Amino acid sequence: MGLMAGRYPHNFGGTYNLPPSATQFQKYANQGIPTSEVLLSTMLQKAGYFTGVIGKWHLGFASEFHPNACGFDEFFGFLGGGHMYFPEQYQAIHERQKKAGKTVFNEYQTPLEHNGEEVVGTEYLTDALSREAVNFVSHAADKKQPFFLYLAYNAPHTPLEAKEDDLAKFASIPDEKRRTYAAMVWAVDRGVGKLTEALKATGTFDNTLIVFLSDNGGKTSAGANNGPLREGKGSIMEGGIRVPMFFHWPAQLTGGKRLDFPISSLDYYPTFARLAGADLPAEQKLDGLDVMEAIQQGRNPREGQALFALRHFNGFHNVGIRQDRWKATRRGPNSP
């Protein structure tokens with residue numbers, strides 16, 4: 001929600017993740033990112049961009065929150081917060097449940113969809129998402145307009161499920177969870193490689209800005225290792241919120257540079273807006289910064305300014321704050 005709105009989610013009611021399988025609970029069925037928020041996708045669509053989202057959505061199940069109603073011309077993926085990876089497994093479960101008379105389903109086991117229509121899965125999920133990303137780039141090349149693709153891979157989110165061929169590449173890793181995690185990341189790497197080749201084949205590689213990152217630190221109980229940072233997914237320590245990221249844009253950026261200052265995924269909204277020549281919504285107070293010029297110059301765009309990470313629980317909130325080289329954390333209901 002923060003990435004798509006360019007604002008800290010607690011500023012507009014997005015305090016918690018949406019409940020899993022929200023369609024099972026009537027009181028949650030109509031919850032999602034507020035429609036009053038002008039999303040990054042809508043802003044770019046209005047600026048003339050061909051827009052697509054592939055993979056995980058997790059911003060609402062009801063029709064008013066559907067990607068096609070939120071600024072995306074194309075959507076392939078799933079609406080929930082996660083999914084099983086092998087179609088022969090999740091589709092079989094779904095069919096058995098339908099035959100048993102069920103009308104609501106676990107979001108991890110529902111069919112994938114393309115623009116609101118169910119599709120029959122034929123590939124391992126990560127490979128299917130990569131395939132559709134390549135198709136989007138090829139389709140975009142035929143249009144006389146720029147494009148924006150939000151490729152939200154599910155991997156290496158649980159459940160830990162990898163292809164046998166990919167697992168074989170990491171047979172030397174003794175821990176089963178870690179081995180599977182590595183194989184799942186390898187599948188993402190393979191997909192990014194195919195997407196890169198598609199950009200080159202369509203002549204758009206040099207003038208396409210690619211931003212690659214994770215949404216949070218890895219889950220240490222499911223094969224991840226965030227060392228030397230402390231803790232992992234769900235924590236407001238740096239292992240939970242600080243992740244590697246790169247920008248790749250041959251036409252505008254010099255390669256091989258490492259920058260040690262932090263930026264936030266909240267920064268993409270104003271940064272992309274200026275690059276696209278788009279109008280920022282006057283009624284929406286963004287929390288991010290336009291960071292492209294600072295990145296090009298190698299300087300910290302928010303020197304002296306703080307970045308926050310909030311994790312809300314029933315009755316208390318965990319918070320991490322970083323300003324320049326200083327950081328502070330507050331954890332638990334009895335923390336000072």
# chains A, B, ... in the order shown; residues from 1 in each chain; ligands from 1
call {"tool": "residues_around", "arguments": {"residues": "Phe86 in chain A", "least_positions_apart": "5", "cutoff": "8 Å", "atoms": "only C-alpha atoms", "output": "list in words"}}
result
Glu123, Tyr124, Leu125 and Glu161 of chain A
call {"tool": "residues_around", "arguments": {"residues": "Leu39 in chain A", "least_positions_apart": "4", "cutoff": "7 Å", "atoms": "only C-alpha atoms", "output": "PyMOL selection string"}}
result
chain A and resi 4-5+43+70
call {"tool": "write_last_selection", "arguments": {"atoms": "N, CA and C atoms", "output": "PDB file, in the first residue's frame"}}
result
ATOM      1  N   MET A   4       2.431   1.790  -3.553  1.00  0.00           N
ATOM      2  CA  MET A   4       1.480   2.208  -4.579  1.00  0.00           C
ATOM      3  C   MET A   4       0.885   3.589  -4.309  1.00  0.00           C
ATOM      4  N   ALA A   5       0.823   3.987  -3.034  1.00  0.00           N
ATOM      5  CA  ALA A   5       0.242   5.294  -2.700  1.00  0.00           C
ATOM      6  C   ALA A   5       1.296   6.363  -2.444  1.00  0.00           C
ATOM      7  N   MET A  43      -1.761   7.339 -11.637  1.00  0.00           N
ATOM      8  CA  MET A  43      -1.032   8.542 -12.005  1.00  0.00           C
ATOM      9  C   MET A  43      -0.294   8.358 -13.330  1.00  0.00           C
ATOM     10  N   CYS A  70      -7.773   0.021 -10.654  1.00  0.00           N
ATOM     11  CA  CYS A  70      -6.795   0.836  -9.919  1.00  0.00           C
ATOM     12  C   CYS A  70      -5.633   1.257 -10.808  1.00  0.00           C
TER      13      CYS A  70
END
call {"tool": "residues_around", "arguments": {"residues": "Arg311 in chain A", "least_positions_apart": "6", "cutoff": "10 Å", "atoms": "only C-alpha atoms", "output": "mmCIF file with N, CA and C atoms, in the first residue's frame"}}
result
data_model
loop_
_atom_site.group_PDB
_atom_site.id
_atom_site.type_symbol
_atom_site.label_atom_id
_atom_site.label_comp_id
_atom_site.auth_asym_id
_atom_site.auth_seq_id
_atom_site.Cartn_x
_atom_site.Cartn_y
_atom_site.Cartn_z
ATOM 1 N N HIS A 10 -0.134 3.954 7.486
ATOM 2 C CA HIS A 10 -0.905 4.322 8.681
ATOM 3 C C HIS A 10 -1.538 5.700 8.535
ATOM 4 N N THR A 15 -3.246 0.163 8.439
ATOM 5 C CA THR A 15 -2.414 -0.135 9.598
ATOM 6 C C THR A 15 -1.928 -1.582 9.603
ATOM 7 N N TYR A 16 -2.739 -2.495 9.104
ATOM 8 C CA TYR A 16 -2.415 -3.919 9.127
ATOM 9 C C TYR A 16 -2.480 -4.497 7.717
ATOM 10 N N GLY A 234 8.826 -9.042 9.456
ATOM 11 C CA GLY A 234 7.917 -8.703 10.548
ATOM 12 C C GLY A 234 8.558 -7.880 11.650
ATOM 13 N N SER A 235 9.891 -7.752 11.617
ATOM 14 C CA SER A 235 10.595 -7.003 12.648
ATOM 15 C C SER A 235 10.850 -5.574 12.184
ATOM 16 N N ILE A 236 10.944 -4.647 13.159
ATOM 17 C CA ILE A 236 11.328 -3.282 12.827
ATOM 18 C C ILE A 236 12.826 -3.075 13.009
ATOM 19 N N HIS A 317 2.462 -0.818 19.394
ATOM 20 C CA HIS A 317 3.078 -0.674 18.084
ATOM 21 C C HIS A 317 4.595 -0.743 18.212
ATOM 22 N N ASN A 318 5.231 -1.497 17.358
ATOM 23 C CA ASN A 318 6.688 -1.489 17.267
ATOM 24 C C ASN A 318 7.103 -0.452 16.231
ATOM 25 N N VAL A 319 8.184 0.251 16.503
ATOM 26 C CA VAL A 319 8.611 1.296 15.580
ATOM 27 C C VAL A 319 10.129 1.327 15.499
ATOM 28 N N GLY A 320 10.630 1.519 14.293
ATOM 29 C CA GLY A 320 12.045 1.745 14.072
ATOM 30 C C GLY A 320 12.219 3.069 13.350
ATOM 31 N N ARG A 331 9.975 -1.524 21.031
ATOM 32 C CA ARG A 331 9.319 -2.808 20.776
ATOM 33 C C ARG A 331 8.566 -3.290 21.987
#
call {"tool": "select_by_dssp", "arguments": {"residues": "range 109-262 of chain A", "states": "alpha helix (DSSP H)", "output": "JSON, numbers by chain"}}
result
{"A": [125, 126, 127, 128, 129, 130, 131, 132, 133, 134, 135, 136, 137, 138, 139, 140, 141, 164, 165, 166, 167, 168, 176, 177, 178, 179, 180, 181, 182, 183, 184, 185, 186, 187, 188, 189, 190, 191, 192, 193, 194, 195, 196, 197, 198, 199, 200, 201, 238, 239, 240, 241]}
call {"tool": "closest_residue", "arguments": {"among": "A:Pro159, A:Gly60, A:Pro87, A:Gly2", "to": "Tyr181 in chain A", "atoms": "only C-alpha atoms"}}
result
A:Pro159
call {"tool": "atom_distance", "arguments": {"atom1": "CA of Asn115 in chain A", "atom2": "CA of Phe78 in chain A"}}
result
10.3 Å
call {"tool": "residues_around", "arguments": {"residues": "range 192-208 of chain A", "least_positions_apart": "2", "cutoff": "7 Å", "atoms": "only C-alpha atoms", "output": "list in words"}}
result
Ser130, Ala133, Val134, Val137, Ser138, Ala141, Val188, Asp189, Arg190, Ile210, Trp249, Pro250 and Ala251 of chain A
call {"tool": "write_last_selection", "arguments": {"atoms": "C-alpha atoms", "output": "compact mmCIF listing (two decimals), in the first residue's frame"}}
result
# COMPACT_ATOMS: atom_id res chain seq x y z
CA SER A 130 8.08 -14.37 -15.87
CA ALA A 133 6.15 -10.24 -17.97
CA VAL A 134 7.89 -11.07 -21.25
CA VAL A 137 6.97 -6.15 -22.77
CA SER A 138 6.42 -7.61 -26.23
CA ALA A 141 6.56 -2.64 -27.83
CA VAL A 188 13.32 -15.40 -9.93
CA ASP A 189 16.82 -14.79 -11.29
CA ARG A 190 16.00 -16.88 -14.34
CA ILE A 210 14.56 -1.20 -13.88
CA TRP A 249 19.04 2.56 -16.66
CA PRO A 250 21.91 2.67 -19.19
CA ALA A 251 20.60 5.81 -20.90
call {"tool": "residues_around", "arguments": {"residues": "Ile263 in chain A", "least_positions_apart": "4", "cutoff": "8 Å", "atoms": "only C-alpha atoms", "output": "PyMOL selection string"}}
result
chain A and resi 267+291+301
call {"tool": "write_last_selection", "arguments": {"atoms": "N, CA and C atoms", "output": "short mmCIF file (atom, residue, chain, number, x, y, z; two decimals), in the first residue's frame"}}
result
data_model
loop_
_atom_site.label_atom_id
_atom_site.label_comp_id
_atom_site.auth_asym_id
_atom_site.auth_seq_id
_atom_site.Cartn_x
_atom_site.Cartn_y
_atom_site.Cartn_z
N ASP A 267 9.60 6.50 -2.08
CA ASP A 267 10.21 7.48 -2.97
C ASP A 267 9.89 7.23 -4.45
N VAL A 291 14.09 11.07 -5.84
CA VAL A 291 15.48 10.78 -5.49
C VAL A 291 16.40 10.62 -6.70
N PRO A 301 19.68 11.95 -0.51
CA PRO A 301 18.57 12.87 -0.77
C PRO A 301 17.82 13.30 0.49
#
call {"tool": "atom_distance", "arguments": {"atom1": "CA of Gly82 in chain A", "atom2": "CA of Tyr108 in chain A"}}
result
5.6 Å
call {"tool": "residues_around", "arguments": {"residues": "Gln145 in chain A", "least_positions_apart": "6", "cutoff": "10 Å", "atoms": "only C-alpha atoms", "output": "list in words"}}
result
Ala47, Gly48, Tyr49 and Phe50 of chain A
call {"tool": "atom_distance", "arguments": {"atom1": "CA of Lys177 in chain A", "atom2": "CA of Leu129 in chain A"}}
result
22.8 Å
call {"tool": "closest_residue", "arguments": {"among": "A:Gly288, A:Gly277, A:Gly304, A:Gly81", "to": "Ser264 in chain A", "atoms": "only C-alpha atoms"}}
result
A:Gly288
call {"tool": "select_by_dssp", "arguments": {"residues": "range 8-157 of chain A", "states": "strand (DSSP E or B)", "output": "PDB file with N, CA and C atoms, in the first residue's frame"}}
result
ATOM      1  N   GLY A  32      -9.832  -2.770   1.683  1.00  0.00           N
ATOM      2  CA  GLY A  32      -8.746  -2.679   0.714  1.00  0.00           C
ATOM      3  C   GLY A  32      -8.126  -1.300   0.785  1.00  0.00           C
ATOM      4  N   PHE A  50       1.125   2.774 -20.719  1.00  0.00           N
ATOM      5  CA  PHE A  50       0.505   1.452 -20.761  1.00  0.00           C
ATOM      6  C   PHE A  50       0.965   0.732 -19.503  1.00  0.00           C
ATOM      7  N   THR A  51       0.038   0.318 -18.641  1.00  0.00           N
ATOM      8  CA  THR A  51       0.376  -0.152 -17.300  1.00  0.00           C
ATOM      9  C   THR A  51       0.007  -1.618 -17.105  1.00  0.00           C
ATOM     10  N   GLY A  52       0.850  -2.331 -16.377  1.00  0.00           N
ATOM     11  CA  GLY A  52       0.578  -3.732 -16.092  1.00  0.00           C
ATOM     12  C   GLY A  52       1.087  -4.139 -14.725  1.00  0.00           C
ATOM     13  N   VAL A  53       0.378  -5.055 -14.084  1.00  0.00           N
ATOM     14  CA  VAL A  53       0.824  -5.657 -12.832  1.00  0.00           C
ATOM     15  C   VAL A  53       0.752  -7.165 -13.008  1.00  0.00           C
ATOM     16  N   ILE A  54       1.821  -7.826 -12.606  1.00  0.00           N
ATOM     17  CA  ILE A  54       1.915  -9.271 -12.718  1.00  0.00           C
ATOM     18  C   ILE A  54       2.354  -9.830 -11.376  1.00  0.00           C
ATOM     19  N   GLY A  55       1.574 -10.794 -10.853  1.00  0.00           N
ATOM     20  CA  GLY A  55       1.928 -11.450  -9.600  1.00  0.00           C
ATOM     21  C   GLY A  55       0.973 -11.133  -8.476  1.00  0.00           C
ATOM     22  N   LYS A  56       1.552 -10.802  -7.324  1.00  0.00           N
ATOM     23  CA  LYS A  56       0.798 -10.593  -6.085  1.00  0.00           C
ATOM     24  C   LYS A  56       0.182  -9.202  -6.047  1.00  0.00           C
ATOM     25  N   GLY A  60      -6.776  -5.740  -1.869  1.00  0.00           N
ATOM     26  CA  GLY A  60      -8.221  -5.820  -1.762  1.00  0.00           C
ATOM     27  C   GLY A  60      -8.810  -6.829  -2.724  1.00  0.00           C
ATOM     28  N   GLU A  74      -3.431  -4.069 -17.609  1.00  0.00           N
ATOM     29  CA  GLU A  74      -3.264  -5.517 -17.632  1.00  0.00           C
ATOM     30  C   GLU A  74      -2.975  -6.053 -16.240  1.00  0.00           C
ATOM     31  N   PHE A  75      -3.604  -7.181 -15.897  1.00  0.00           N
ATOM     32  CA  PHE A  75      -3.329  -7.869 -14.639  1.00  0.00           C
ATOM     33  C   PHE A  75      -3.292  -9.365 -14.882  1.00  0.00           C
ATOM     34  N   PHE A  76      -2.209  -9.985 -14.437  1.00  0.00           N
ATOM     35  CA  PHE A  76      -2.101 -11.445 -14.418  1.00  0.00           C
ATOM     36  C   PHE A  76      -1.520 -11.827 -13.075  1.00  0.00           C
ATOM     37  N   GLY A  77      -2.227 -12.681 -12.346  1.00  0.00           N
ATOM     38  CA  GLY A  77      -1.713 -13.100 -11.057  1.00  0.00           C
ATOM     39  C   GLY A  77      -2.804 -13.498 -10.106  1.00  0.00           C
ATOM     40  N   PHE A  78      -2.674 -13.074  -8.840  1.00  0.00           N
ATOM     41  CA  PHE A  78      -3.627 -13.460  -7.808  1.00  0.00           C
ATOM     42  C   PHE A  78      -3.861 -12.272  -6.882  1.00  0.00           C
ATOM     43  N   LEU A 112      -5.262 -18.710 -10.896  1.00  0.00           N
ATOM     44  CA  LEU A 112      -4.739 -17.408 -11.287  1.00  0.00           C
ATOM     45  C   LEU A 112      -5.758 -16.733 -12.196  1.00  0.00           C
ATOM     46  N   GLU A 113      -5.592 -15.441 -12.405  1.00  0.00           N
ATOM     47  CA  GLU A 113      -6.528 -14.751 -13.284  1.00  0.00           C
ATOM     48  C   GLU A 113      -5.818 -13.787 -14.206  1.00  0.00           C
ATOM     49  N   HIS A 114      -6.471 -13.493 -15.317  1.00  0.00           N
ATOM     50  CA  HIS A 114      -6.000 -12.475 -16.259  1.00  0.00           C
ATOM     51  C   HIS A 114      -7.149 -11.515 -16.491  1.00  0.00           C
ATOM     52  N   GLU A 117     -10.573 -12.786 -15.347  1.00  0.00           N
ATOM     53  CA  GLU A 117     -11.007 -14.093 -15.827  1.00  0.00           C
ATOM     54  C   GLU A 117     -10.042 -15.170 -15.343  1.00  0.00           C
ATOM     55  N   GLU A 118     -10.592 -16.262 -14.788  1.00  0.00           N
ATOM     56  CA  GLU A 118      -9.745 -17.351 -14.326  1.00  0.00           C
ATOM     57  C   GLU A 118      -8.987 -17.976 -15.492  1.00  0.00           C
ATOM     58  N   VAL A 119      -7.737 -18.381 -15.224  1.00  0.00           N
ATOM     59  CA  VAL A 119      -6.927 -19.044 -16.236  1.00  0.00           C
ATOM     60  C   VAL A 119      -6.439 -20.379 -15.679  1.00  0.00           C
ATOM     61  N   PHE A 147       5.647   2.421 -21.187  1.00  0.00           N
ATOM     62  CA  PHE A 147       4.995   1.416 -20.361  1.00  0.00           C
ATOM     63  C   PHE A 147       5.541   1.411 -18.939  1.00  0.00           C
ATOM     64  N   PHE A 148       4.693   0.941 -18.011  1.00  0.00           N
ATOM     65  CA  PHE A 148       5.053   0.739 -16.614  1.00  0.00           C
ATOM     66  C   PHE A 148       4.614  -0.660 -16.224  1.00  0.00           C
ATOM     67  N   LEU A 149       5.565  -1.477 -15.806  1.00  0.00           N
ATOM     68  CA  LEU A 149       5.268  -2.839 -15.374  1.00  0.00           C
ATOM     69  C   LEU A 149       5.648  -3.003 -13.910  1.00  0.00           C
ATOM     70  N   TYR A 150       4.689  -3.424 -13.098  1.00  0.00           N
ATOM     71  CA  TYR A 150       4.915  -3.755 -11.687  1.00  0.00           C
ATOM     72  C   TYR A 150       4.912  -5.278 -11.601  1.00  0.00           C
ATOM     73  N   LEU A 151       6.098  -5.867 -11.535  1.00  0.00           N
ATOM     74  CA  LEU A 151       6.249  -7.325 -11.502  1.00  0.00           C
ATOM     75  C   LEU A 151       6.483  -7.750 -10.057  1.00  0.00           C
ATOM     76  N   ALA A 152       5.437  -8.268  -9.429  1.00  0.00           N
ATOM     77  CA  ALA A 152       5.470  -8.613  -8.000  1.00  0.00           C
ATOM     78  C   ALA A 152       5.565 -10.129  -7.846  1.00  0.00           C
TER      79      ALA A 152
END
call {"tool": "closest_residue", "arguments": {"among": "A:Ile241, A:Ala278, A:Pro34, A:Tyr90", "to": "Asn11 in chain A", "atoms": "only C-alpha atoms"}}
result
A:Pro34
call {"tool": "closest_residue", "arguments": {"among": "A:Ala128, A:Leu18, A:Met1, A:Leu44", "to": "Pro281 in chain A", "atoms": "only C-alpha atoms"}}
result
A:Leu44
call {"tool": "closest_residue", "arguments": {"among": "A:Arg325, A:Lys27, A:Lys99, A:His58", "to": "Leu79 in chain A", "atoms": "only C-alpha atoms"}}
result
A:His58
call {"tool": "closest_residue", "arguments": {"among": "A:Asp215, A:Trp326, A:Gly332, A:Met237", "to": "His312 in chain A", "atoms": "only C-alpha atoms"}}
result
A:Gly332
